Amino acid sequence: MAVEAKPLPRVDVTPGDVSETEEELRREHLMFDPLPRETMNRMVLESMMTVTKKYWIWFAVLGLGVLVLLLGFWGNQIFTGMGVTGKRRPNFWTMYITTFVFWIGISHAGTFVSAILRVFKAEFRRPFTRAAELMTTFGLAAGALYPLIHLGRVWVFYWMVPYPNARWLWPNFRSALVWDLLAITTYLLSSTIYLFLPLIPDLAMARDRTTGWRHTVYRILSLGWRGTEAEWYRLRKAITIFAFAIIPVMFSVHTIVSWDFAVSQVALWHSTIFGPYFIIGAILSGVSAVAIILYVLRSTMLHFDYFLRPEHFDALGKLVLVFSMAWAYFFFNDYLLTWYSGDLAERNTLLQHVIGPQSWIWWLMLITNILIPFATLWNKRIRRSPLAMALIAIGINIGMYAERFTIIPVTLGHQRIPFFWGTYVPNITDIAIVLGTFCLFIFLYLVTSRLIPLIPVWEVQEGQMAHSLKKVGSTKVPSVTELE
Amino acid sequence: MADGTVHMALFKEDQVDQAAEAITRLREMGITDNEISVISGVPLSEHILGRPVSWTAVPWIAMAGAVLGFLAAVTFLVISQIFYPIRVGMMSSVPIPTSLVVVFELTMLGMLLSTFFGVFTESITPTQGPKGYDASITDGQIGILFTSPTHLDSDVHHRLGELGAEVVHRAEVKKLWL
């Protein structure tokens, strides 16, 4: 069967003639549409400085959300006791742990987009690495609250810290919960630094163009950056070390989160593929969350439509589709072998997922994580539509939350002993605290969007310098030069 | 020549070739690489500008941090067991599989924190070479700082001016940090 290859975009090579294809490339690709650095700096700073009435309304609403839903309800829980939550036998791990896993999953976005795509030199990453890295830091900040919230007696949290003490207590380093503490601490610190390092040149840019308190803050944070060869060399080395080192840390974090479940003897939790299954799910939800954030930034921030284009949503759409397929593969793998094993308790619990009273959650997960992405993301027009991508991505994140809910409270409610069965229904405290951390995440993002340049301008300019049209035979083709 | 005046030649962001040529010309006039420093708004590798490769201790500091992290993990896992023995059924006091997890996390933590420590300390440590700064650097311009004796002033300005550079006599040293 003959297959006709799609021709390369043809560009007229007549000197001085700007062809339609060149114009099209410019419209389509940020890397082929360079603006003077001065203009890009101005655009990014303007977007940082522009604060509308709508912004302040959101600021107030979200701030109130954090205050009332998170701090208020959590304070009440601390004061009254864990009985105010919907936790009852046999569901001791409920919405708090579900949301903890969800946020840790979201936090994989930054590392995946920034570190993995940086290592593989994926050029489309350039304008939104920082937006993704911020998601990692804030996702972890929101997620890291849950072990504290779930702990109940939060005031004795320091018992987890290894130091000589009169209590003769020492953390058990063979426990997956202590690994969690170490992994999340490592990931939170390293991802915050990984956010900060590439930010230094942009903070210096902001330092040179601001006055007052902003100038003071940027001056301190930019560490006296001048852009010397030695500074760039040092920064490149440090970013490379981070990019390579943070990838295994990212994998370890969600693997360890999965081991919180898998090291137990609970039916459906004791699975050898929980590690990779959780990682794929985390990357799926994280990359989808990046699409949501990019849509919001593009719609609300001044000039961001120049930096964030349909090509970026297209690229993210392809990634989401690939990870949706990978997630489906792991899900089926886990499901099939458990079903095939013939273990009565596990089969009963699986059946509970599919036809039990909360089976709609399981079906919702399949619809939003597999059916909708498979049915839509093969289509380039859908992938290139920011709104469509945002809606699909919201669906996936709902689906991923449903997956964690199914794995945790639904599974725990139907274990090996029938008289110990029960259905978990979240109450107002559970829901309020979960919503509170969503408010916290958005609030932190909202505040930061006006404090630091969300677009890594120097990385965009570096990319634009590396891209050009190269004459090959009778046509010109897009090419990328290795500048490093 | 080191006690001469510090000049800065500014090139526009699309004049990378001219900046590289300017460095060659400065060398031809007897100005050594130690008396030249390039500042830019984007990373331009040393090979592009024909400059000697810089050196940084950051990778070594990172490795030292990794070793410290590893030692901290060994301390927690092995030495602390002597003072606070915790008996877990079916496990030895220092089981290798579970210890690997802790060793990995703390080694990476040590490495990544020390990488930042390296960047921070090197950033705030005084550097060699001509000093000077111009805010147009973060607008993408390329600045070549060099120290040259007074009698070469007019020649330097003429030669770099030919390449399209805006030459600043006596580059301004600004206080950019604390």
# chains A, B, ... in the order shown; residues from 1 in each chain; ligands from 1
$ interface_residues --of "chain A" --to "chain B" --cutoff "8 Å" --atoms "only C-alpha atoms" --output "MDAnalysis selection string"
chainID A and resid 36:38 41 162 168:170 172:174 179 182:183 186 189:190 193 201 204:205 208 219:220 222:235 237:238 241:242 245 249 458:459 461:462 483:484
$ residues_around --residues "Leu163 of chain B" --least-positions-apart "2" --cutoff "12 Å" --atoms "only C-alpha atoms" --output "list in words"
Ala9, Leu10, Phe11, Lys12, Gln15, Val16, Asp17, Gln18, Ala19, Ala20, Glu21, Ala22, Ile23, Thr24, Arg25, Val156, His157, His158, Arg159, Leu160, Gly161, Ala165, Glu166 and Val167 of chain B
$ select_by_dssp --residues "chain B" --states "strand (DSSP E or B)" --output "PyMOL selection string"
chain B and resi 5-11+36-40+142-148+166-168
$ residues_around --residues "Phe331 of chain A" --least-positions-apart "4" --cutoff "10 Å" --atoms "only C-alpha atoms" --output "list in words"
Ile273, Phe274, Tyr277, Phe278, Ile280, Gly281, Met325, Ala326, Trp327, Tyr335, Leu336, Leu366 and Glu403 of chain A
$ write_last_selection --atoms "C-alpha atoms" --output "PDB file, in the first residue's frame"
ATOM      1  CA  ILE A 273       2.781  -2.435  40.538  1.00  0.00           C
ATOM      2  CA  PHE A 274       1.349   0.243  42.813  1.00  0.00           C
ATOM      3  CA  TYR A 277       0.747   2.872  38.654  1.00  0.00           C
ATOM      4  CA  PHE A 278       0.763   5.791  41.105  1.00  0.00           C
ATOM      5  CA  ILE A 280       1.732   7.416  35.913  1.00  0.00           C
ATOM      6  CA  GLY A 281      -1.460   8.632  37.569  1.00  0.00           C
ATOM      7  CA  MET A 325      -3.121   5.379  27.703  1.00  0.00           C
ATOM      8  CA  ALA A 326      -0.297   4.458  30.076  1.00  0.00           C
ATOM      9  CA  TRP A 327      -2.601   4.900  33.072  1.00  0.00           C
ATOM     10  CA  TYR A 335      -7.272  -5.024  37.817  1.00  0.00           C
ATOM     11  CA  LEU A 336      -6.846  -8.145  35.666  1.00  0.00           C
ATOM     12  CA  LEU A 366     -13.023   5.392  33.827  1.00  0.00           C
ATOM     13  CA  GLU A 403      -9.362   6.944  41.530  1.00  0.00           C
TER      14      GLU A 403
END
$ closest_residue --among "B:Ala66, B:Ile82, B:Met29, B:Met90" --to "His151 of chain B" --atoms "only C-alpha atoms"
B:Met29
